[in-house]
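Engineer: I am sharing entry.txt, which consists of compact mmCIF, C-alpha atoms:
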# COMPACT_ATOMS: atom_id res chain seq x y z
CA MET J 20 71.57 107.09 101.65
CA ASN J 21 71.50 103.69 103.36
CA ARG J 22 72.30 103.16 107.03
CA ALA J 23 75.89 102.01 106.43
CA ALA J 24 76.66 105.01 104.21
CA HIS J 25 75.11 107.37 106.76
CA HIS J 26 77.31 105.80 109.45
CA LEU J 27 80.43 106.32 107.32
CA THR J 28 79.69 109.93 106.39
CA THR J 29 78.85 110.82 109.99
CA LEU J 30 81.99 109.11 111.28
CA LEU J 31 84.29 110.88 108.81
CA GLY J 32 82.47 114.22 108.75
CA ILE J 33 81.74 114.16 105.01
CA ARG J 34 78.54 114.57 102.95
CA HIS J 35 79.05 111.86 100.33
CA PRO J 36 80.22 108.24 100.83
CA ILE J 37 83.12 108.62 98.42
CA VAL J 38 86.86 108.61 99.15
CA GLN J 39 89.59 109.66 96.72
CA ALA J 40 92.37 107.09 97.10
CA PRO J 41 95.72 108.30 98.50
CA MET J 42 97.88 107.59 95.46
CA VAL J 43 101.51 108.38 96.27
CA GLY J 44 103.07 110.29 93.40
CA VAL J 45 99.67 111.17 91.92
CA SER J 46 97.50 112.61 94.68
CA THR J 47 98.33 116.17 95.68
CA PRO J 48 97.16 118.63 98.35
CA ARG J 49 95.17 120.43 95.67
CA LEU J 50 93.45 117.24 94.48
CA ALA J 51 92.61 116.20 98.04
CA ALA J 52 91.31 119.67 98.88
CA GLU J 53 89.09 119.85 95.80
CA VAL J 54 87.55 116.48 96.62
CA SER J 55 87.04 117.39 100.28
CA ASN J 56 85.58 120.78 99.41
CA ALA J 57 83.06 118.97 97.20
CA GLY J 58 81.85 116.91 100.16
CA ALA J 59 83.75 113.65 99.77
CA LEU J 60 87.01 112.63 101.50
CA GLY J 61 90.18 113.73 99.75
CA SER J 62 93.44 111.96 100.54
CA ILE J 63 97.17 112.52 100.38
CA GLY J 64 99.74 109.74 100.56
CA VAL J 65 102.85 110.36 102.68
CA GLY J 66 104.23 106.82 102.73
CA ALA J 67 107.13 107.90 100.51
CA SER J 68 107.70 111.17 102.38
CA THR J 69 109.95 112.26 105.20
CA PRO J 70 108.26 113.66 108.30
CA ALA J 71 109.17 117.18 107.16
CA GLN J 72 107.67 116.57 103.72
CA ALA J 73 104.54 115.08 105.29
CA ARG J 74 104.17 118.10 107.57
CA ASP J 75 104.37 120.37 104.55
CA MET J 76 101.83 118.36 102.53
CA ILE J 77 99.35 118.38 105.41
CA ALA J 78 99.80 122.13 105.84
CA GLN J 79 99.30 122.72 102.12
CA THR J 80 96.11 120.67 102.13
CA ARG J 81 94.76 122.40 105.21
CA ALA J 82 95.43 125.78 103.61
CA LEU J 83 93.14 124.76 100.73
CA THR J 84 90.27 123.20 102.68
CA ALA J 85 88.59 123.37 106.06
CA ALA J 86 86.92 120.03 105.39
CA PRO J 87 88.19 116.64 106.63
CA PHE J 88 90.88 114.88 104.60
CA ASN J 89 92.84 111.64 104.91
CA VAL J 90 96.58 111.11 105.35
CA ASN J 91 97.80 107.67 104.30
CA LEU J 92 100.88 105.81 105.58
CA PHE J 93 102.72 102.57 104.76
CA CYS J 94 102.98 99.93 107.50
CA HIS J 95 105.09 97.37 105.64
CA ALA J 96 107.63 95.11 107.30
CA PRO J 97 111.17 96.44 106.82
CA ALA J 98 112.90 95.01 103.78
CA VAL J 99 114.75 91.72 104.11
CA ARG J 100 118.12 92.68 102.71
CA ASP J 101 119.84 90.03 100.61
CA ALA J 102 122.93 91.24 98.77
CA ALA J 103 123.04 88.26 96.42
CA ARG J 104 119.39 88.63 95.47
CA GLU J 105 119.75 92.38 94.95
CA GLN J 106 122.84 91.99 92.77
CA ALA J 107 121.13 89.29 90.71
CA TRP J 108 118.23 91.67 90.13
CA LEU J 109 120.56 94.48 89.08
CA ARG J 110 122.36 92.16 86.66
CA HIS J 111 118.99 91.20 85.20
CA LEU J 112 118.12 94.86 84.70
CA ALA J 113 121.51 95.75 83.19
CA PRO J 114 120.30 95.42 79.56
CA LEU J 115 117.48 97.87 80.27
CA PHE J 116 119.85 100.34 81.88
CA ALA J 117 122.04 100.03 78.79
CA GLN J 118 119.08 100.74 76.53
CA ALA J 119 118.38 103.82 78.65
CA GLY J 120 121.96 105.00 78.15
CA GLY J 121 123.54 104.07 81.46
CA THR J 122 124.56 101.34 83.89
CA PRO J 123 122.86 99.92 86.99
CA PRO J 124 123.77 101.41 90.36
CA ALA J 125 126.36 99.57 92.45
CA ALA J 126 123.82 99.00 95.21
CA LEU J 127 120.21 99.68 96.11
CA GLY J 128 118.63 101.37 99.11
CA GLU J 129 115.52 100.97 101.27
CA ILE J 130 113.91 104.16 100.05
CA TYR J 131 110.71 104.14 102.15
CA ARG J 132 110.59 103.88 105.93
CA THR J 133 107.69 102.01 107.51
CA PHE J 134 105.40 104.03 109.78
CA VAL J 135 105.53 101.23 112.35
CA ALA J 136 109.03 102.36 113.36
CA ASP J 137 108.68 106.08 112.63
CA GLU J 138 108.08 108.03 115.82
CA ALA J 139 108.94 111.30 114.06
CA MET J 140 106.09 110.74 111.59
CA LEU J 141 103.75 109.95 114.47
CA ALA J 142 104.74 113.24 116.11
CA VAL J 143 103.85 115.08 112.89
CA LEU J 144 100.40 113.49 112.84
CA LEU J 145 99.73 114.22 116.49
CA ALA J 146 100.73 117.85 116.03
CA ALA J 147 98.75 118.35 112.80
CA ARG J 148 95.75 116.22 113.77
CA PRO J 149 94.27 115.50 110.34
CA ALA J 150 90.70 114.26 110.55
CA VAL J 151 91.56 110.82 109.17
CA VAL J 152 94.72 108.70 108.99
CA SER J 153 94.80 105.47 106.98
CA PHE J 154 97.20 102.54 106.72
CA HIS J 155 98.36 100.29 103.87
CA PHE J 156 100.41 97.05 103.97
CA GLY J 157 99.57 96.35 107.62
CA LEU J 158 98.86 98.03 110.92
CA PRO J 159 100.76 100.35 113.24
CA ALA J 160 101.78 99.34 116.73
CA GLN J 161 99.03 99.59 119.35
CA PRO J 162 100.69 102.53 121.14
CA GLN J 163 100.64 104.47 117.85
CA LEU J 164 96.97 103.69 117.32
CA HIS J 165 96.17 104.64 120.91
CA ALA J 166 97.94 107.98 120.47
CA LEU J 167 96.05 108.73 117.26
CA ARG J 168 92.76 107.77 118.89
CA GLN J 169 93.48 109.98 121.90
CA ALA J 170 94.12 112.86 119.49
CA GLY J 171 90.63 112.43 118.05
CA ILE J 172 91.84 111.12 114.69
CA ARG J 173 89.67 108.62 112.81
CA THR J 174 91.50 105.66 111.28
CA MET J 175 91.12 103.39 108.25
CA ALA J 176 93.14 100.40 107.04
CA THR J 177 93.26 98.24 103.92
CA ALA J 178 92.30 94.56 103.92
CA THR J 179 92.54 92.16 100.98
CA ASN J 180 91.05 89.17 102.83
CA LEU J 181 88.99 88.21 105.88
CA ALA J 182 91.96 87.57 108.19
CA GLU J 183 93.40 91.04 107.57
CA ALA J 184 89.97 92.58 108.13
CA ALA J 185 89.63 90.69 111.41
CA ALA J 186 92.97 92.09 112.55
CA ILE J 187 91.84 95.61 111.61
CA ASP J 188 88.61 95.08 113.51
CA ALA J 189 90.43 93.78 116.58
CA ALA J 190 92.79 96.76 116.54
CA GLY J 191 89.84 99.12 116.90
CA ILE J 192 90.37 100.89 113.58
CA ASP J 193 87.26 102.77 112.49
CA VAL J 194 86.89 101.80 108.80
CA ILE J 195 87.95 98.75 106.78
CA VAL J 196 89.02 99.46 103.19
CA ALA J 197 88.15 96.32 101.22
CA GLN J 198 90.67 96.26 98.37
CA GLY J 199 89.64 93.93 95.57
CA ILE J 200 91.96 92.40 93.00
CA GLU J 201 90.79 94.97 90.40
CA ALA J 202 92.43 97.86 92.27
CA GLY J 203 95.32 99.82 90.83
CA GLY J 204 98.57 100.37 92.71
CA HIS J 205 99.93 98.18 95.47
CA ARG J 206 98.00 95.32 96.98
CA GLY J 207 97.55 96.16 100.64
CA MET J 208 98.20 92.61 101.79
CA PHE J 209 99.98 92.44 105.13
CA ASP J 210 102.29 89.61 104.04
CA PRO J 211 103.18 89.64 100.33
CA ALA J 212 104.60 86.12 100.64
CA ALA J 213 101.27 84.70 101.82
CA ASP J 214 98.77 83.07 99.47
CA ASP J 215 96.63 85.79 97.87
CA GLN J 216 93.03 84.72 97.32
CA ARG J 217 92.68 87.60 94.81
CA LEU J 218 89.10 88.26 95.83
CA PRO J 219 87.11 90.63 93.60
CA THR J 220 85.91 93.82 95.28
CA ALA J 221 82.23 92.82 95.32
CA THR J 222 82.95 89.42 96.85
CA LEU J 223 85.28 90.83 99.49
CA VAL J 224 82.79 93.55 100.43
CA ARG J 225 79.96 91.07 100.87
CA LEU J 226 82.10 88.84 103.06
CA LEU J 227 83.40 91.70 105.21
CA ALA J 228 80.00 93.36 105.59
CA ARG J 229 78.76 90.11 107.09
CA GLN J 230 81.84 89.61 109.28
CA SER J 231 82.28 93.10 110.74
CA ARG J 232 80.05 95.82 112.13
CA ARG J 233 82.58 98.47 111.13
CA PRO J 234 81.95 100.45 107.93
CA VAL J 235 83.44 98.76 104.88
CA LEU J 236 84.79 100.92 102.06
CA ALA J 237 84.83 99.23 98.64
CA ALA J 238 88.04 99.80 96.66
CA GLY J 239 88.96 98.39 93.26
CA GLY J 240 87.52 98.82 89.77
CA ILE J 241 85.04 101.56 90.73
CA MET J 242 85.06 104.37 88.18
CA ASP J 243 81.54 105.81 87.90
CA GLY J 244 78.21 106.37 89.63
CA PRO J 245 76.75 102.97 88.77
CA GLY J 246 79.90 101.38 90.19
CA ILE J 247 79.52 103.32 93.42
CA GLN J 248 75.89 102.29 93.76
CA ALA J 249 76.76 98.67 93.01
CA ALA J 250 79.29 98.77 95.86
CA LEU J 251 76.65 100.17 98.22
CA ASP J 252 74.20 97.51 97.08
CA SER J 253 76.76 94.81 97.93
CA GLY J 254 76.98 96.03 101.52
CA ALA J 255 79.68 98.69 101.40
CA ALA J 256 79.27 101.89 103.36
CA GLY J 257 81.09 103.83 100.65
CA ALA J 258 83.48 103.61 97.72
CA GLN J 259 87.13 104.53 97.31
CA LEU J 260 88.20 105.57 93.80
CA GLY J 261 91.79 106.06 92.69
CA THR J 262 92.29 105.58 88.97
CA ALA J 263 89.14 107.64 88.34
CA PHE J 264 90.95 110.73 89.66
CA ILE J 265 94.28 110.33 87.81
CA LEU J 266 93.20 112.39 84.78
CA CYS J 267 92.02 115.29 86.92
CA PRO J 268 94.18 118.37 86.28
CA GLU J 269 94.81 118.62 90.03
CA SER J 270 96.67 115.29 90.11
CA ALA J 271 100.44 115.01 89.70
CA ALA J 272 100.20 112.34 86.99
CA SER J 273 102.82 112.72 84.28
CA ALA J 274 101.97 113.53 80.68
CA GLY J 275 102.91 109.96 79.76
CA HIS J 276 100.62 108.50 82.42
CA ARG J 277 97.74 110.67 81.22
CA ALA J 278 98.33 109.75 77.59
CA ALA J 279 98.43 106.02 78.37
CA LEU J 280 95.11 106.21 80.23
CA GLN J 281 93.49 107.76 77.16
CA ASP J 282 94.56 105.23 74.53
CA GLU J 283 94.49 101.48 74.02
CA ARG J 284 97.13 100.87 76.70
CA ALA J 285 94.52 101.53 79.41
CA ALA J 286 92.86 98.22 78.58
CA HIS J 287 95.93 96.20 79.62
CA THR J 288 96.86 96.25 83.30
CA VAL J 289 99.07 93.68 85.02
CA LEU J 290 99.54 92.63 88.63
CA THR J 291 103.26 92.23 89.24
CA ALA J 292 105.96 92.46 91.90
CA VAL J 293 108.58 93.39 89.29
CA LEU J 294 108.23 97.14 89.66
CA SER J 295 108.60 97.49 93.43
CA GLY J 296 109.10 94.10 95.07
CA ARG J 297 105.45 93.84 96.16
CA PRO J 298 102.40 92.90 94.06
CA ALA J 299 100.90 95.98 92.41
CA ARG J 300 98.66 96.66 89.41
CA GLY J 301 99.63 99.06 86.66
CA LEU J 302 99.85 99.47 82.92
CA ALA J 303 102.11 97.01 81.14
CA ASN J 304 105.54 98.26 80.07
CA ARG J 305 108.93 96.94 78.93
CA LEU J 306 110.24 96.60 82.47
CA VAL J 307 107.31 94.38 83.46
CA ALA J 308 107.75 92.23 80.35
CA HIS J 309 111.48 91.89 81.04
CA GLY J 310 111.04 91.07 84.72
CA GLU J 311 108.22 88.60 84.15
CA ALA J 312 110.01 86.73 81.35
CA ALA J 313 110.73 83.05 81.91
CA GLY J 314 113.95 82.50 83.84
CA SER J 315 113.95 85.93 85.47
CA PRO J 316 115.28 86.10 89.04
CA ALA J 317 113.01 87.26 91.86
CA PRO J 318 113.07 91.04 92.30
CA ALA J 319 114.68 92.51 95.39
CA ASP J 320 112.43 92.94 98.40
CA TYR J 321 110.12 95.95 98.76
CA PRO J 322 110.95 98.82 98.63
CA VAL J 323 114.51 98.02 97.53
CA ALA J 324 113.39 96.87 94.07
CA TYR J 325 111.51 100.14 93.71
CA ASP J 326 114.82 101.99 94.04
CA ALA J 327 116.08 100.21 90.91
CA THR J 328 112.89 100.99 89.01
CA LYS J 329 112.98 104.66 89.92
CA GLN J 330 116.64 104.99 88.92
CA LEU J 331 116.01 103.22 85.60
CA ASN J 332 113.03 105.42 84.82
CA ALA J 333 114.87 108.61 85.77
CA LEU J 334 117.70 107.68 83.42
CA ALA J 335 115.33 106.86 80.55
CA ALA J 336 113.22 109.97 81.14
CA ARG J 337 116.24 112.18 80.53
CA HIS J 338 116.15 110.86 76.96
CA GLY J 339 112.38 111.26 76.65
CA VAL J 340 111.73 107.53 77.03
CA GLU J 341 108.72 106.43 79.13
CA ASP J 342 108.97 102.69 78.49
CA PHE J 343 110.05 102.02 82.07
CA ALA J 344 107.73 104.46 83.84
CA VAL J 345 105.43 103.16 86.57
CA HIS J 346 101.85 103.99 85.65
CA TRP J 347 99.62 102.50 88.36
CA ALA J 348 96.05 101.85 87.21
CA GLY J 349 93.12 99.59 88.05
CA GLN J 350 91.43 97.10 85.75
CA ALA J 351 88.74 99.60 84.72
CA ALA J 352 91.32 102.24 83.73
CA ALA J 353 89.80 102.66 80.27
CA LEU J 354 86.80 104.31 81.96
CA ALA J 355 88.90 107.19 83.32
CA ARG J 356 87.67 110.67 82.42
CA ALA J 357 89.61 113.92 82.16
CA MET J 358 87.83 116.64 84.13
CA PRO J 359 88.44 118.75 87.22
CA ALA J 360 88.02 116.88 90.49
CA ALA J 361 84.97 118.84 91.66
CA GLN J 362 83.28 118.29 88.30
CA LEU J 363 84.10 114.59 88.42
CA LEU J 364 82.55 114.32 91.86
CA ARG J 365 79.38 116.07 90.66
CA THR J 366 79.30 113.68 87.71
CA LEU J 367 79.69 110.64 89.95
CA LEU J 368 76.88 111.82 92.21
CA ALA J 369 74.58 112.55 89.27
CA GLU J 370 75.28 109.13 87.76
CA ARG J 371 74.55 107.41 91.05
CA GLN J 372 71.32 109.38 91.45
CA ALA J 373 70.28 108.36 87.94
CA VAL J 374 70.59 104.73 89.00
CA LEU J 375 68.40 105.35 92.03
CA ASP J 376 65.87 107.33 89.99
CA ALA J 377 65.59 104.49 87.50
CA ARG J 378 64.63 102.16 90.32
CA ALA J 379 61.94 104.43 91.71
CA PRO J 380 58.39 103.42 90.79
CA ALA J 381 56.82 105.59 88.11
CA ALA J 382 54.60 108.34 89.41
CA ALA J 383 50.91 107.48 89.31
Give the structure from this file in structure tokens form.
Structural biologist:
Amino acid sequence: MNRAAHHLTTLLGIRHPIVQAPMVGVSTPRLAAEVSNAGALGSIGVGASTPAQARDMIAQTRALTAAPFNVNLFCHAPAVRDAAREQAWLRHLAPLFAQAGGTPPAALGEIYRTFVADEAMLAVLLAARPAVVSFHFGLPAQPQLHALRQAGIRTMATATNLAEAAAIDAAGIDVIVAQGIEAGGHRGMFDPAADDQRLPTATLVRLLARQSRRPVLAAGGIMDGPGIQAALDSGAAGAQLGTAFILCPESAASAGHRAALQDERAAHTVLTAVLSGRPARGLANRLVAHGEAAGSPAPADYPVAYDATKQLNALAARHGVEDFAVHWAGQAAALARAMPAAQLLRTLLAERQAVLDARAPAAA
């Protein structure tokens, strides 16, 4: 293990420099616990949860493992509500609602609350004291960070470029998650309206490893042991894998999501704001094609647009139709493997060791 990886594992209290990504809607307490019990860092995502739901998820995870695990939160700016824009988006989606056997809702809601303004969620974290708390879409307020630090909680935050990483560094957060353009799910960019350089994971890691002394976690397109070792070779202290864990039986992925990852659809991912109002990468579907078609209006702001998507999918699912389902996945989704989480972790470690063994000079 190199010096950076040793620093990361010591800091987080884990044996292996691997983190299971906190995929909201897919990661579960059981998945996180299995990964943590195997010596890596399991994660649960509570960005879409109420404080009471988050408290329950943390308790469930803790009941399954005594090892450290990560709790992830969303730090997005509150939605900019625009009634005209939202109604235009609903009118655009009306044909899809009709195909699903219904009509669009009269109005949309801001379904996720940002952690930046959620003192009740902060109270849950301070009472539960998970080993690690991570942030996506931005950073909490300094008083929140100070409170977490005083409680002995390690912190991580996602950066998609050098400026975001510099802000994470300046805030005193312990680990920078370098999210490359290959990553599945939502881009962690602080400002979705800003120009996105769309840096690949390897490039971003190299730049951040030179810029910051904090451990850098590579995230995006990493699916196997050689990928993990390549990230370490590029200067990362560890690797975060999300799509690689979706086919584990411990995940909450739907049958449709699992099926799509195991056929030709896995080779076609798209980065789009159509599904939620923020750029995110997932498998192509009819909703994406409809929303990206020439002449389409801009989707409602995040997470308001996500409310429309969820309602459309719920309506279609009642008729057994998955054409509008959100199946987040990274660019290397076709490399996903179906096996229990602990077995996957053993496989990843063995594959990485094989790379290292192949480099070792032959015995005399």
Engineer: Just give me the gap between CA of Ala263 in chain J and CA of Ala344 in chain J in Å, one decimal is fine.
Structural biologist: 19.4 Å
Engineer: Where does range 91-115 of chain J meet range 175-196 of chain J within 10 Å, residue by residue, with the nearest atom pair and distance in Å to one decimal for each, counting all atoms listed in the file, listed by chain and rising number, as CSV?
Structural biologist:
residue,atom,partner,partner_atom,distance
J:Asn91,CA,J:Met175,CA,8.9
J:Leu92,CA,J:Ala176,CA,9.6
J:Cys94,CA,J:Ala176,CA,9.9
Engineer: What lies within 12 Å of Gly314 in chain J using all atoms listed in the file, ignoring chain neighbours under 5 positions off, as a PyMOL selection string?
Structural biologist: chain J and resi 108+111+309
Engineer: Tell me which residues come within 12 Å of (72.8, 97.2, 98.7), as a list in words, counting all atoms listed in the file in the file's coordinates.
Structural biologist: Met20, Asn21, Arg22, Ala23, Ala24, Ala221, Val224, Arg225, Ala228, Gly246, Ile247, Gln248, Ala249, Ala250, Leu251, Asp252, Ser253, Gly254, Ala255, Ala256, Gly257 and Leu375 of chain J
Engineer: For Arg297 in chain J, which of J:Gly261, J:Ala166, J:Pro211, J:His338 is the closest residue, counting all atoms listed in the file?
Structural biologist: J:Pro211
Engineer: So which one's closest to Glu201 in chain J, J:Ala348, J:Ala319, J:Ala170, J:Leu115? Using only C-alpha atoms, please.
Structural biologist: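 Residue with the minimum atom-to-atom distance to Glu201 in chain J: J:Ala348.
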Engineer: Please, what distance in Å, to one decimal, runs between CA of Gly64 in chain J and CA of Arg229 in chain J?
Structural biologist: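 Calculated distance between CA of Gly64 in chain J and CA of Arg229 in chain J is 29.5 Å.
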Engineer: Return the single residue from J:Ala78, J:Ala377, J:Leu334, J:Ala278 that is closest to Ala352 in chain J, with distances computed using all atoms listed in the file.
Structural biologist: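 Comparing J:Ala78, J:Ala377, J:Leu334, J:Ala278 against Ala352 in chain J, the winner is J:Ala278.
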Engineer: Need the shell around Phe264 in chain J: protein/DNA/RNA residues with any atom at most 10 Å away, counting all atoms listed in the file. Skip same-chain ones fewer than 2 positions apart. Format as a ChimeraX atom specification?
Structural biologist: /J:39-40,42,45-46,50,54,242,260-262,266-270,272,355-360,363-364
Engineer: Here is a test: counting all atoms listed in the file, which residue of J:Ser273, J:Thr220, J:Thr122, J:Gln169 is nearest to Ala335 in chain J?
Structural biologist: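 Answer, going by the shortest atom-to-atom distance: J:Thr122.
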Engineer: How many Å lie between CA of Pro70 in chain J and CA of Phe209 in chain J, rounded to one decimal?
Structural biologist: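 It comes out at 23.0 Å.
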Engineer: Which of these residues is nearest to His26 in chain J, using all atoms listed in the file: J:Leu290, J:Ala361, J:Ala324, J:Leu236?
Structural biologist: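 So, comparing all the options, the nearest one is J:Leu236.
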